[in-house]
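Text of the file target.txt, holding compact mmCIF, C-alpha atoms:
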# COMPACT_ATOMS: atom_id res chain seq x y z
CA MET T 741 0.00 0.00 0.00
CA ALA T 742 3.05 2.26 -0.08
CA GLY T 743 2.67 5.48 -2.00
CA ARG T 744 -1.08 5.76 -1.56
CA PRO T 745 -3.08 8.25 0.53
CA ASP T 746 -4.74 5.33 2.28
CA ALA T 747 -1.39 3.69 3.03
CA ASP T 748 -1.02 2.34 6.54
CA PRO T 749 0.71 4.63 9.08
CA TYR T 750 3.88 2.51 9.09
CA ALA T 751 4.27 2.78 5.31
CA ARG T 752 3.71 6.55 5.49
CA ALA T 753 6.25 6.90 8.30
CA HIS T 754 8.77 4.82 6.37
CA ILE T 755 8.35 6.96 3.25
CA ALA T 756 8.66 10.17 5.28
CA ARG T 757 11.85 8.93 6.91
CA THR T 758 13.50 7.71 3.70
CA GLY T 759 12.48 10.65 1.48
CA ARG T 760 11.30 8.45 -1.36
CA MET T 761 8.47 9.27 -3.77
CA PRO T 762 7.14 5.81 -4.60
CA LEU T 763 4.33 5.22 -7.02
CA SER T 764 1.17 3.51 -5.97
CA SER T 765 1.70 -0.21 -5.52
CA ALA T 766 -1.00 -0.80 -8.13
CA ASN T 767 1.41 0.54 -10.77
CA VAL T 768 4.86 -0.41 -9.54
CA GLN T 769 6.06 -2.73 -6.82
CA TYR T 770 9.37 -2.13 -5.11
CA PHE T 771 11.35 -4.96 -3.55
CA ILE T 772 14.41 -4.15 -1.44
CA ALA T 773 17.11 -6.72 -0.64
CA LYS T 774 19.79 -6.17 1.96
CA THR T 775 20.65 -9.83 2.46
CA ASP T 776 21.45 -12.81 0.26
CA THR T 777 19.52 -16.07 0.17
CA GLN T 778 21.37 -17.23 3.30
CA GLY T 779 20.26 -14.15 5.19
CA LEU T 780 23.74 -12.59 5.25
CA ARG T 781 24.17 -8.86 4.75
CA LEU T 782 25.08 -7.79 1.20
CA ILE T 783 28.54 -6.19 1.31
CA GLY T 784 30.93 -4.80 -1.27
CA THR T 785 33.77 -7.17 -0.43
CA CYS T 786 31.72 -10.16 -1.55
CA GLU T 787 30.64 -11.21 -5.02
CA TYR T 788 27.08 -12.31 -5.73
CA ILE T 789 25.10 -13.87 -8.54
CA ILE T 790 21.59 -12.59 -8.98
CA GLU T 791 19.62 -14.97 -11.14
CA ASN T 792 16.17 -15.65 -12.38
CA THR T 793 14.29 -17.18 -15.25
CA GLU T 794 12.23 -14.51 -16.86
CA THR T 795 8.64 -15.56 -17.06
CA MET T 796 7.09 -12.14 -16.81
CA SER T 797 6.46 -9.78 -19.67
CA ASP T 798 6.34 -6.65 -17.49
CA TRP T 799 9.24 -4.24 -17.46
CA TRP T 800 11.56 -4.61 -14.49
CA SER T 801 14.69 -2.87 -13.31
CA LEU T 802 17.32 -3.76 -10.73
CA ALA T 803 19.78 -1.23 -9.30
CA ALA T 804 22.46 -1.32 -6.60
CA TYR T 805 22.64 1.37 -3.92
CA ASP T 806 24.51 1.99 -0.71
CA ASP T 807 22.87 1.73 2.68
CA ASN T 808 21.26 5.18 2.26
CA GLY T 809 19.72 4.46 -1.11
CA MET T 810 22.37 6.38 -3.06
CA LEU T 811 24.01 5.02 -6.22
CA GLN T 812 27.62 3.98 -5.88
CA LYS T 813 30.27 5.50 -8.14
CA ASN T 814 32.03 3.10 -10.48
CA ASN T 815 34.34 3.48 -13.46
CA ALA T 816 31.99 1.58 -15.76
CA HIS T 817 29.20 4.12 -15.06
CA ARG T 818 26.80 1.21 -14.83
CA TYR T 819 24.20 1.34 -12.11
CA ALA T 820 21.30 -0.89 -13.17
CA PHE T 821 20.02 -3.59 -15.43
CA ASN T 822 16.49 -3.87 -16.70
CA SER T 823 14.44 -6.28 -18.76
CA SER T 824 15.47 -4.44 -21.94
CA THR T 825 19.23 -4.33 -21.30
CA ILE T 826 19.86 -7.70 -19.64
CA LEU T 827 21.59 -10.50 -21.58
CA ARG T 828 19.71 -13.79 -21.31
CA ASP T 829 20.46 -17.33 -22.35
CA THR T 830 18.22 -19.19 -24.77
CA ASN T 831 15.93 -20.36 -21.95
CA GLY T 832 15.21 -16.83 -20.81
CA ARG T 833 17.47 -17.27 -17.80
CA TYR T 834 19.72 -14.41 -16.76
CA GLN T 835 22.53 -13.94 -14.27
CA ILE T 836 23.80 -10.63 -12.95
CA ARG T 837 27.26 -10.57 -11.37
CA LEU T 838 27.37 -8.16 -8.47
CA SER T 839 31.05 -7.52 -7.89
CA ALA T 840 33.60 -4.80 -7.26
CA PHE T 841 35.79 -6.34 -9.98
CA PRO T 842 35.03 -6.50 -13.73
CA ARG T 843 33.07 -9.54 -14.86
CA SER T 844 31.79 -10.67 -18.26
CA ARG T 845 28.19 -10.33 -19.48
CA ASN T 846 25.82 -8.75 -16.93
CA TRP T 847 28.23 -7.12 -14.50
CA LEU T 848 26.80 -4.72 -11.93
CA PRO T 849 29.73 -2.97 -10.22
CA THR T 850 29.76 -2.39 -6.47
CA ASN T 851 31.95 -0.42 -4.12
CA LEU T 852 34.31 -2.37 -1.87
CA ASN T 853 33.69 -0.11 1.10
CA ASN T 854 29.93 -0.13 1.14
CA LYS T 855 27.04 -2.20 2.31
CA ILE T 856 24.78 -2.91 -0.64
CA THR T 857 21.05 -2.44 -0.99
CA LEU T 858 19.35 -3.78 -4.10
CA MET T 859 16.06 -2.45 -5.39
CA PHE T 860 13.98 -4.46 -7.82
CA ARG T 861 11.21 -2.47 -9.50
CA LEU T 862 8.41 -4.30 -11.19
CA HIS T 863 6.22 -2.24 -13.48
CA ALA T 864 2.95 -4.06 -13.85
CA PRO T 865 0.59 -1.76 -15.64
CA ALA T 866 -1.60 -4.61 -16.84
CA SER T 867 -2.32 -5.84 -13.32
CA THR T 868 -5.57 -4.86 -11.77
CA GLY T 869 -4.34 -4.10 -8.32
CA HIS T 870 -2.10 -4.68 -5.36
CA THR T 871 -3.35 -8.15 -4.50
CA ALA T 872 -3.17 -9.45 -8.05
CA LEU T 873 0.35 -8.11 -8.38
CA SER T 874 1.48 -9.70 -5.11
CA ASN T 875 -0.01 -13.07 -5.86
CA THR T 876 1.32 -13.43 -9.37
CA LYS T 877 4.77 -11.90 -9.13
CA ARG T 878 6.32 -12.86 -5.82
CA ALA T 879 7.38 -16.23 -7.16
CA SER T 880 9.21 -14.45 -9.98
CA LEU T 881 11.69 -12.53 -7.85
CA PRO T 882 15.38 -13.19 -8.52
CA THR T 883 17.59 -14.99 -6.04
CA ILE T 884 20.87 -13.58 -4.67
CA ARG T 885 23.63 -16.12 -4.16
CA ARG T 886 26.96 -15.33 -2.48
CA VAL T 887 29.88 -16.62 -4.54
CA THR T 888 33.06 -15.45 -2.82
CA CYS T 889 34.19 -12.96 -0.25
CA GLY T 890 37.52 -11.13 -0.35
CA MET I 61 7.22 -9.47 55.41
CA ARG I 62 4.92 -11.52 53.19
CA LEU I 63 2.47 -8.64 52.94
CA ILE I 64 5.25 -6.23 51.95
CA SER I 65 6.54 -8.71 49.40
CA LYS I 66 3.03 -9.15 47.94
CA LEU I 67 2.50 -5.40 47.71
CA PHE I 68 5.89 -4.97 46.10
CA ASN I 69 5.04 -7.62 43.49
CA LEU I 70 1.66 -6.00 42.85
CA TRP I 71 3.27 -2.59 42.36
CA SER I 72 5.83 -4.14 40.02
CA ILE I 73 3.03 -5.48 37.85
CA TYR I 74 1.31 -2.10 37.85
CA TRP I 75 4.54 -0.37 36.85
CA LEU I 76 5.13 -2.96 34.16
CA ILE I 77 1.68 -2.43 32.68
CA ALA I 78 2.03 1.35 32.93
CA GLY I 79 5.42 1.15 31.21
CA LEU I 80 4.06 -0.99 28.40
CA LEU I 81 1.10 1.34 27.91
CA LEU I 82 3.36 4.40 27.89
CA GLY I 83 5.68 2.70 25.39
CA ALA I 84 2.75 1.83 23.13
CA ILE I 85 1.44 5.40 23.25
CA ILE I 86 4.88 6.88 22.46
CA HIS I 87 5.26 4.39 19.59
CA LEU I 88 1.88 5.28 18.10
CA VAL I 89 2.43 9.03 18.45
CA THR I 90 5.86 8.70 16.79
CA ILE I 91 4.49 6.70 13.85
CA LEU I 92 1.52 9.01 13.31
CA THR I 93 3.48 12.27 13.57
CA LEU I 94 6.58 11.19 11.65
CA PRO I 95 5.24 12.27 8.22
CA HIS I 96 4.60 15.74 9.66
CA LEU I 97 7.78 16.14 11.69
CA SER I 98 10.41 14.33 9.62
CA GLU I 99 12.91 16.60 7.90
CA HIS I 100 13.94 13.86 5.48
CA LYS I 101 10.78 13.88 3.38
CA ALA I 102 11.11 14.31 -0.38
CA TRP I 103 9.64 17.80 -0.05
CA ASP I 104 12.23 18.81 2.54
CA ARG I 105 15.03 17.52 0.31
CA ILE I 106 13.98 18.98 -3.03
CA GLY I 107 11.01 21.27 -2.33
CA ASN I 108 13.09 24.41 -2.85
CA ALA I 109 15.30 23.06 -5.61
CA TYR I 110 12.91 23.67 -8.50
CA PRO I 111 10.90 26.65 -9.78
CA ILE I 112 7.25 26.85 -8.76
CA ASN I 113 4.63 25.76 -11.27
CA ALA I 114 7.12 24.86 -13.98
CA MET I 115 8.30 21.50 -15.28
CA THR I 116 11.99 20.70 -14.84
CA ILE I 117 13.66 17.74 -16.54
CA LEU I 118 16.20 16.19 -14.20
CA PRO I 119 19.63 15.21 -15.50
CA PRO I 120 20.26 11.46 -15.84
CA ILE I 121 20.27 9.87 -12.39
CA SER I 122 23.84 9.08 -11.34
CA PRO I 123 25.90 9.17 -8.12
CA ASP I 124 26.58 12.86 -8.81
CA ALA I 125 22.98 13.72 -9.64
CA GLN I 126 20.55 11.87 -7.42
CA PRO I 127 18.29 14.25 -5.53
CA LEU I 128 16.35 11.53 -3.69
CA PRO I 129 17.24 8.07 -2.39
CA PHE I 130 16.44 5.04 -4.54
CA MET I 131 15.89 6.93 -7.78
CA ALA I 132 16.24 4.68 -10.81
CA PRO I 133 19.20 5.30 -13.11
CA ASP I 134 17.25 3.89 -16.06
CA ILE I 135 14.29 6.21 -15.61
CA ARG I 136 14.28 9.86 -16.70
CA TYR I 137 12.33 12.17 -14.42
CA ALA I 138 10.62 15.52 -14.78
CA ILE I 139 9.43 17.36 -11.67
CA CYS I 140 7.02 20.22 -11.14
CA ARG I 141 6.85 21.85 -7.74
CA TYR I 142 3.32 23.19 -7.53
CA ASN I 143 1.47 25.78 -5.50
CA VAL I 144 -2.28 25.93 -6.09
CA LYS I 145 -3.14 28.25 -3.22
CA ASP I 146 -4.71 30.85 -5.51
CA LYS I 147 -5.46 29.11 -8.77
CA PRO I 148 -5.61 25.58 -10.13
CA LEU I 149 -2.72 24.13 -12.05
CA VAL I 150 -2.84 22.39 -15.42
CA VAL I 151 -0.28 19.64 -16.03
CA ARG I 152 0.03 18.29 -19.55
CA THR I 153 2.28 15.50 -20.67
CA THR I 154 2.58 12.58 -23.01
CA LEU I 155 2.90 9.11 -21.57
CA LEU I 156 4.81 7.49 -24.38
CA ASN I 157 4.17 3.88 -23.42
CA GLU I 158 2.45 1.84 -20.73
CA ASN I 159 5.37 2.18 -18.29
CA TRP I 160 5.43 5.96 -18.31
CA SER I 161 3.54 7.57 -15.47
CA ILE I 162 2.65 10.86 -13.89
CA ALA I 163 2.06 11.14 -10.16
CA VAL I 164 0.95 13.91 -7.83
CA PHE I 165 2.42 13.98 -4.31
CA ASP I 166 1.55 16.23 -1.43
CA LYS I 167 4.12 17.72 0.94
CA LEU I 168 3.91 14.73 3.25
CA GLY I 169 4.94 12.41 0.43
CA ASP I 170 1.51 10.86 -0.07
CA ASN I 171 0.85 9.82 -3.64
CA VAL I 172 -2.43 11.67 -4.19
CA TYR I 173 -2.90 10.57 -7.78
CA THR I 174 -1.13 8.37 -10.33
CA VAL I 175 -1.89 7.48 -13.89
CA SER I 176 0.29 5.36 -16.16
CA GLY I 177 0.25 5.01 -19.93
CA ALA I 178 -1.51 1.69 -19.53
CA ASN I 179 -4.50 3.41 -17.94
CA LEU I 180 -5.07 5.77 -20.86
CA ARG I 181 -6.68 5.38 -24.26
CA SER I 182 -4.65 8.27 -25.60
CA ASN I 183 -0.97 8.97 -24.88
CA ASN I 184 -1.76 12.52 -23.82
CA VAL I 185 -2.88 13.37 -20.33
CA ASP I 186 -4.22 16.59 -18.81
CA ILE I 187 -4.41 16.89 -15.07
CA LYS I 188 -6.05 19.81 -13.26
CA ILE I 189 -4.79 20.15 -9.69
CA SER I 190 -6.85 22.34 -7.40
CA LEU I 191 -7.14 22.97 -3.71
CA ALA I 192 -10.11 21.09 -2.32
CA GLU I 193 -11.16 23.97 -0.09
CA ASN I 194 -11.23 26.37 -3.06
CA ASP I 195 -13.71 24.10 -4.71
CA LYS I 196 -16.41 24.92 -2.16
CA LEU I 197 -19.43 26.88 -3.23
CA LYS I 198 -19.01 30.64 -2.96
CA PHE I 199 -22.08 32.77 -3.66
CA GLY I 200 -23.64 29.68 -5.19
CA ILE I 201 -20.82 29.31 -7.72
CA ARG I 202 -18.38 26.47 -7.62
CA GLN I 203 -15.00 28.15 -7.74
CA ASN I 204 -13.35 25.75 -10.14
CA GLN I 205 -16.33 25.31 -12.40
CA PHE I 206 -14.40 26.70 -15.35
CA ILE I 207 -12.17 23.69 -15.36
CA ASP I 208 -14.01 21.81 -18.01
CA SER I 209 -11.53 19.25 -19.23
CA GLY I 210 -8.76 17.04 -17.94
CA ILE I 211 -8.55 14.81 -14.93
CA PRO I 212 -9.50 16.74 -11.77
CA VAL I 213 -7.19 16.12 -8.81
CA LYS I 214 -8.20 17.75 -5.52
CA VAL I 215 -5.47 18.29 -2.98
CA ASN I 216 -5.88 19.19 0.69
CA ALA I 217 -2.64 21.21 0.94
CA PRO I 218 -1.61 23.87 -1.62
CA GLU I 219 1.97 22.70 -2.17
CA GLY I 220 3.40 19.49 -3.49
CA LEU I 221 5.27 17.83 -6.31
CA VAL I 222 4.30 16.33 -9.65
CA MET I 223 6.65 13.70 -11.02
CA VAL I 224 6.70 12.32 -14.56
CA ARG I 225 8.59 9.04 -14.85
CA ALA I 226 9.92 7.92 -18.20
CA PRO I 227 11.55 4.48 -18.10
CA VAL I 228 14.21 4.41 -20.80
CA LEU I 229 14.34 0.94 -22.31
CA SER I 230 17.94 1.44 -23.45
CA LYS I 231 20.27 4.33 -24.25
CA ALA I 232 18.96 4.36 -27.83
CA TYR I 233 15.60 5.57 -26.54
CA THR I 234 16.96 8.44 -24.44
CA ASP I 235 16.50 11.16 -27.07
CA GLN I 236 12.95 10.04 -27.72
CA ALA I 237 12.18 10.15 -24.00
CA ILE I 238 13.70 13.61 -23.57
CA THR I 239 11.84 14.96 -26.59
CA HIS I 240 8.54 13.92 -25.04
CA LEU I 241 9.48 15.09 -21.55
CA ARG I 242 10.29 18.54 -22.98
CA MET I 243 6.72 18.79 -24.19
CA ALA I 244 5.42 18.31 -20.63
CA SER I 245 4.07 21.48 -19.06
CA CYS I 246 2.93 22.63 -15.65
CA LYS I 247 1.07 25.97 -15.69
CA ILE I 248 -1.44 27.91 -13.66
CA ALA I 249 -4.91 27.67 -15.18
CA LYS I 250 -6.09 30.78 -17.01
CA HIS I 251 -9.50 30.82 -15.34
Will you turn the file into structure tokens for me?
Amino acid sequence: MAGRPDADPYARAHIARTGRMPLSSANVQYFIAKTDTQGLRLIGTCEYIIENTETMSDWWSLAAYDDNGMLQKNNAHRYAFNSSTILRDTNGRYQIRLSAFPRSRNWLPTNLNNKITLMFRLHAPASTGHTALSNTKRASLPTIRRVTCG
Amino acid sequence: MRLISKLFNLWSIYWLIAGLLLGAIIHLVTILTLPHLSEHKAWDRIGNAYPINAMTILPPISPDAQPLPFMAPDIRYAICRYNVKDKPLVVRTTLLNENWSIAVFDKLGDNVYTVSGANLRSNNVDIKISLAENDKLKFGIRQNQFIDSGIPVKVNAPEGLVMVRAPVLSKAYTDQAITHLRMASCKIAKH
């Protein structure tokens, strides 16, 4: 219910504290990840693989931020991937390498010194509402697997 | 001694309950007043950064140009800081595809109104923002009766922000997005 006048008081307080301007959840859903699949905090000294098989036709975008929601500087000037820019294999599966060091294919650079927060935006204009969006898309969220830590 | 011990235990329970109640009240008051008191709201961060009642296209979102947390680097934004204290405001834009959207926020950060390209039959959208209290009958005449077209959006506070979001599918589409964002306008209504 974030981003709506009838949002619950906790959602409104959260938005006021973070300074975001989210759209109504009927149009876009925002998913934030601060931990990997094992529940460990995402940090810049580790490398991660974010993967999913794309079954949805809606436009999505995934970006990496620091702990305060700010983009992290990198020499590649690459800050996000979306469903239009991602490279997939023939099965529709994609992998994003989240690493401070250059990687082939879908490399999303991170900063060694920072904690990482990932935001996955799912634009679902064809959905009829919050509940429909939640029910149909949750299973389609990517997983975040830790590969190595330096 | 037993009586004193019993009384002490009874008082402990009373204090415990009173403490819990006080904690719950403080918690609720904090949650409910945070949108009003927080100095980290979007309005507090960028409210004074843009001209009033004019559309401003933001530069591409990057670490050096990110006015708000969690802005998307693959979305181009245009912002209009509005003030409808005296007269309604007309916002016109094109929503190029189903993922484009325009949203009206009040000062507290509440999303008062949103429409995306998917919700429209035409790509063009007209929104008329007016202060709800100005819409009351005055001498039998509805004050905003001259607003005869567009989507009416009534706001309870005169100031806020309008944000147009233009997801850019890839860099090749950037010029197209900017061309359409430049056509967006945010002007005080003539009547």
- Between CA of Leu191 (chain I) and CA of Leu763 (chain T), distance in Å (one decimal): 21.4 Å
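Comparing T:Leu852, T:Ala816, T:Met859, T:Ile884 by their smallest distance to chain I, the closest is T:Met859 (using all atoms listed in the file).
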- Message: What's around Gln236 (chain I) at 12 Å? Count all atoms listed in the file, leave out sequence neighbours fewer than 2 positions away in its own chain, and write the answer as a ChimeraX atom specification.
- Response: /I:136,154-157,226-234,238-243
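Proximity to Leu827 (chain T) at 8 Å, evaluated using only C-alpha atoms and with sequence-adjacent residues fewer than 2 positions away removed, yields Thr825, Asp829, Tyr834, Arg845 and Asn846 of chain T.
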Return as CSV the residues of chain I lying at most 7 Å from chain T, together with the closest atom-to-atom pair for each and the distance in Å to one decimal, counting all atoms listed in the file, with rows in chain order and ascending residue number.
residue,atom,partner,partner_atom,distance
I:Ile91,CA,T:Ala753,CA,5.8
I:Leu92,CA,T:Pro749,CA,6.1
I:Leu94,CA,T:Ala753,CA,5.5
I:Pro95,CA,T:Ala756,CA,5.0
I:Ser98,CA,T:Arg757,CA,6.2
I:His100,CA,T:Gly759,CA,5.3
I:Lys101,CA,T:Gly759,CA,4.1
I:Ala102,CA,T:Gly759,CA,4.3
I:Ser122,CA,T:Leu811,CA,6.5
I:Pro123,CA,T:Leu811,CA,4.9
I:Leu128,CA,T:Arg760,CA,6.4
I:Pro129,CA,T:Gly809,CA,4.6
I:Phe130,CA,T:Gly809,CA,4.8
I:Pro133,CA,T:Tyr819,CA,6.5
I:Asp134,CA,T:Ala820,CA,6.9
I:Glu158,CA,T:Pro865,CA,6.5
I:Asn159,CA,T:His863,CA,6.6
I:Leu168,CA,T:Ala756,CA,6.9
I:Gly169,CA,T:Met761,CA,6.3
I:Asp170,CA,T:Pro745,CA,5.3
I:Asn171,CA,T:Arg744,CA,5.0
I:Val172,CA,T:Pro745,CA,5.9
I:Thr174,CA,T:Ser764,CA,6.9
I:Ala178,CA,T:Pro865,CA,5.6
I:Leu229,CA,T:Ser824,CA,5.5
I:Ser230,CA,T:Thr825,CA,6.3
- Message: One decimal, in Å: what's the spacing between CA of Val185 (chain I) and CA of Ser161 (chain I)?
- Response: 9.9 Å
- Item | Pairwise distance for CA of Pro119 (chain I) and CA of Ser765 (chain T), rounded to one decimal in Å | 25.7 Å
With only C-alpha atoms as the counted atoms, please give the residues lying no more than 9 Å from region 247-251 of chain I, apart from itself and same-chain residues fewer than 2 positions off, as a PDB file with C-alpha atoms, in the frame of the given file.
ATOM      1  CA  ASN I 113       4.630  25.760 -11.270  1.00  0.00           C
ATOM      2  CA  ALA I 114       7.120  24.860 -13.980  1.00  0.00           C
ATOM      3  CA  MET I 115       8.300  21.500 -15.280  1.00  0.00           C
ATOM      4  CA  TYR I 142       3.320  23.190  -7.530  1.00  0.00           C
ATOM      5  CA  ASN I 143       1.470  25.780  -5.500  1.00  0.00           C
ATOM      6  CA  VAL I 144      -2.280  25.930  -6.090  1.00  0.00           C
ATOM      7  CA  LYS I 147      -5.460  29.110  -8.770  1.00  0.00           C
ATOM      8  CA  PRO I 148      -5.610  25.580 -10.130  1.00  0.00           C
ATOM      9  CA  LEU I 149      -2.720  24.130 -12.050  1.00  0.00           C
ATOM     10  CA  VAL I 150      -2.840  22.390 -15.420  1.00  0.00           C
ATOM     11  CA  VAL I 151      -0.280  19.640 -16.030  1.00  0.00           C
ATOM     12  CA  ARG I 152       0.030  18.290 -19.550  1.00  0.00           C
ATOM     13  CA  LYS I 188      -6.050  19.810 -13.260  1.00  0.00           C
ATOM     14  CA  ASN I 204     -13.350  25.750 -10.140  1.00  0.00           C
ATOM     15  CA  PHE I 206     -14.400  26.700 -15.350  1.00  0.00           C
ATOM     16  CA  ILE I 207     -12.170  23.690 -15.360  1.00  0.00           C
ATOM     17  CA  SER I 245       4.070  21.480 -19.060  1.00  0.00           C
TER      18      SER I 245
END
- Ref. answer, residues at most 9 Å from (-8.2, 15.8, -7.1) with all atoms listed in the file, as a ChimeraX atom specification: /I:172-173,187-192,211-216
Quick one: region 160-236 of chain I from the block, C-alpha atoms, as a PDB file, in the first residue's frame.
ATOM      1  CA  TRP I 160       5.427   5.963 -18.307  1.00  0.00           C
ATOM      2  CA  SER I 161       3.536   7.569 -15.469  1.00  0.00           C
ATOM      3  CA  ILE I 162       2.645  10.864 -13.888  1.00  0.00           C
ATOM      4  CA  ALA I 163       2.060  11.135 -10.161  1.00  0.00           C
ATOM      5  CA  VAL I 164       0.946  13.907  -7.827  1.00  0.00           C
ATOM      6  CA  PHE I 165       2.418  13.982  -4.309  1.00  0.00           C
ATOM      7  CA  ASP I 166       1.547  16.232  -1.428  1.00  0.00           C
ATOM      8  CA  LYS I 167       4.123  17.722   0.943  1.00  0.00           C
ATOM      9  CA  LEU I 168       3.907  14.728   3.249  1.00  0.00           C
ATOM     10  CA  GLY I 169       4.936  12.407   0.430  1.00  0.00           C
ATOM     11  CA  ASP I 170       1.510  10.855  -0.073  1.00  0.00           C
ATOM     12  CA  ASN I 171       0.847   9.818  -3.640  1.00  0.00           C
ATOM     13  CA  VAL I 172      -2.432  11.673  -4.189  1.00  0.00           C
ATOM     14  CA  TYR I 173      -2.903  10.574  -7.781  1.00  0.00           C
ATOM     15  CA  THR I 174      -1.134   8.367 -10.326  1.00  0.00           C
ATOM     16  CA  VAL I 175      -1.887   7.483 -13.891  1.00  0.00           C
ATOM     17  CA  SER I 176       0.287   5.358 -16.162  1.00  0.00           C
ATOM     18  CA  GLY I 177       0.252   5.012 -19.930  1.00  0.00           C
ATOM     19  CA  ALA I 178      -1.513   1.690 -19.528  1.00  0.00           C
ATOM     20  CA  ASN I 179      -4.501   3.410 -17.939  1.00  0.00           C
ATOM     21  CA  LEU I 180      -5.071   5.771 -20.861  1.00  0.00           C
ATOM     22  CA  ARG I 181      -6.683   5.377 -24.259  1.00  0.00           C
ATOM     23  CA  SER I 182      -4.646   8.266 -25.597  1.00  0.00           C
ATOM     24  CA  ASN I 183      -0.968   8.972 -24.883  1.00  0.00           C
ATOM     25  CA  ASN I 184      -1.760  12.521 -23.819  1.00  0.00           C
ATOM     26  CA  VAL I 185      -2.878  13.365 -20.330  1.00  0.00           C
ATOM     27  CA  ASP I 186      -4.220  16.595 -18.815  1.00  0.00           C
ATOM     28  CA  ILE I 187      -4.410  16.885 -15.068  1.00  0.00           C
ATOM     29  CA  LYS I 188      -6.050  19.813 -13.256  1.00  0.00           C
ATOM     30  CA  ILE I 189      -4.791  20.147  -9.694  1.00  0.00           C
ATOM     31  CA  SER I 190      -6.848  22.342  -7.398  1.00  0.00           C
ATOM     32  CA  LEU I 191      -7.135  22.973  -3.706  1.00  0.00           C
ATOM     33  CA  ALA I 192     -10.115  21.089  -2.321  1.00  0.00           C
ATOM     34  CA  GLU I 193     -11.157  23.971  -0.094  1.00  0.00           C
ATOM     35  CA  ASN I 194     -11.225  26.373  -3.061  1.00  0.00           C
ATOM     36  CA  ASP I 195     -13.706  24.096  -4.711  1.00  0.00           C
ATOM     37  CA  LYS I 196     -16.408  24.921  -2.157  1.00  0.00           C
ATOM     38  CA  LEU I 197     -19.434  26.880  -3.229  1.00  0.00           C
ATOM     39  CA  LYS I 198     -19.006  30.639  -2.964  1.00  0.00           C
ATOM     40  CA  PHE I 199     -22.084  32.771  -3.660  1.00  0.00           C
ATOM     41  CA  GLY I 200     -23.640  29.684  -5.195  1.00  0.00           C
ATOM     42  CA  ILE I 201     -20.824  29.308  -7.717  1.00  0.00           C
ATOM     43  CA  ARG I 202     -18.382  26.469  -7.616  1.00  0.00           C
ATOM     44  CA  GLN I 203     -14.997  28.147  -7.738  1.00  0.00           C
ATOM     45  CA  ASN I 204     -13.351  25.748 -10.135  1.00  0.00           C
ATOM     46  CA  GLN I 205     -16.331  25.305 -12.397  1.00  0.00           C
ATOM     47  CA  PHE I 206     -14.397  26.702 -15.354  1.00  0.00           C
ATOM     48  CA  ILE I 207     -12.171  23.691 -15.365  1.00  0.00           C
ATOM     49  CA  ASP I 208     -14.013  21.810 -18.014  1.00  0.00           C
ATOM     50  CA  SER I 209     -11.531  19.250 -19.231  1.00  0.00           C
ATOM     51  CA  GLY I 210      -8.759  17.041 -17.940  1.00  0.00           C
ATOM     52  CA  ILE I 211      -8.553  14.809 -14.930  1.00  0.00           C
ATOM     53  CA  PRO I 212      -9.496  16.742 -11.775  1.00  0.00           C
ATOM     54  CA  VAL I 213      -7.187  16.124  -8.814  1.00  0.00           C
ATOM     55  CA  LYS I 214      -8.196  17.749  -5.524  1.00  0.00           C
ATOM     56  CA  VAL I 215      -5.467  18.289  -2.978  1.00  0.00           C
ATOM     57  CA  ASN I 216      -5.875  19.194   0.687  1.00  0.00           C
ATOM     58  CA  ALA I 217      -2.638  21.211   0.938  1.00  0.00           C
ATOM     59  CA  PRO I 218      -1.613  23.868  -1.616  1.00  0.00           C
ATOM     60  CA  GLU I 219       1.967  22.699  -2.168  1.00  0.00           C
ATOM     61  CA  GLY I 220       3.403  19.486  -3.492  1.00  0.00           C
ATOM     62  CA  LEU I 221       5.270  17.829  -6.314  1.00  0.00           C
ATOM     63  CA  VAL I 222       4.298  16.325  -9.650  1.00  0.00           C
ATOM     64  CA  MET I 223       6.652  13.703 -11.021  1.00  0.00           C
ATOM     65  CA  VAL I 224       6.699  12.320 -14.557  1.00  0.00           C
ATOM     66  CA  ARG I 225       8.594   9.045 -14.849  1.00  0.00           C
ATOM     67  CA  ALA I 226       9.923   7.923 -18.195  1.00  0.00           C
ATOM     68  CA  PRO I 227      11.546   4.480 -18.100  1.00  0.00           C
ATOM     69  CA  VAL I 228      14.214   4.406 -20.804  1.00  0.00           C
ATOM     70  CA  LEU I 229      14.341   0.938 -22.313  1.00  0.00           C
ATOM     71  CA  SER I 230      17.939   1.438 -23.450  1.00  0.00           C
ATOM     72  CA  LYS I 231      20.271   4.328 -24.254  1.00  0.00           C
ATOM     73  CA  ALA I 232      18.962   4.357 -27.832  1.00  0.00           C
ATOM     74  CA  TYR I 233      15.603   5.571 -26.537  1.00  0.00           C
ATOM     75  CA  THR I 234      16.964   8.442 -24.438  1.00  0.00           C
ATOM     76  CA  ASP I 235      16.498  11.157 -27.074  1.00  0.00           C
ATOM     77  CA  GLN I 236      12.948  10.042 -27.716  1.00  0.00           C
TER      78      GLN I 236
END
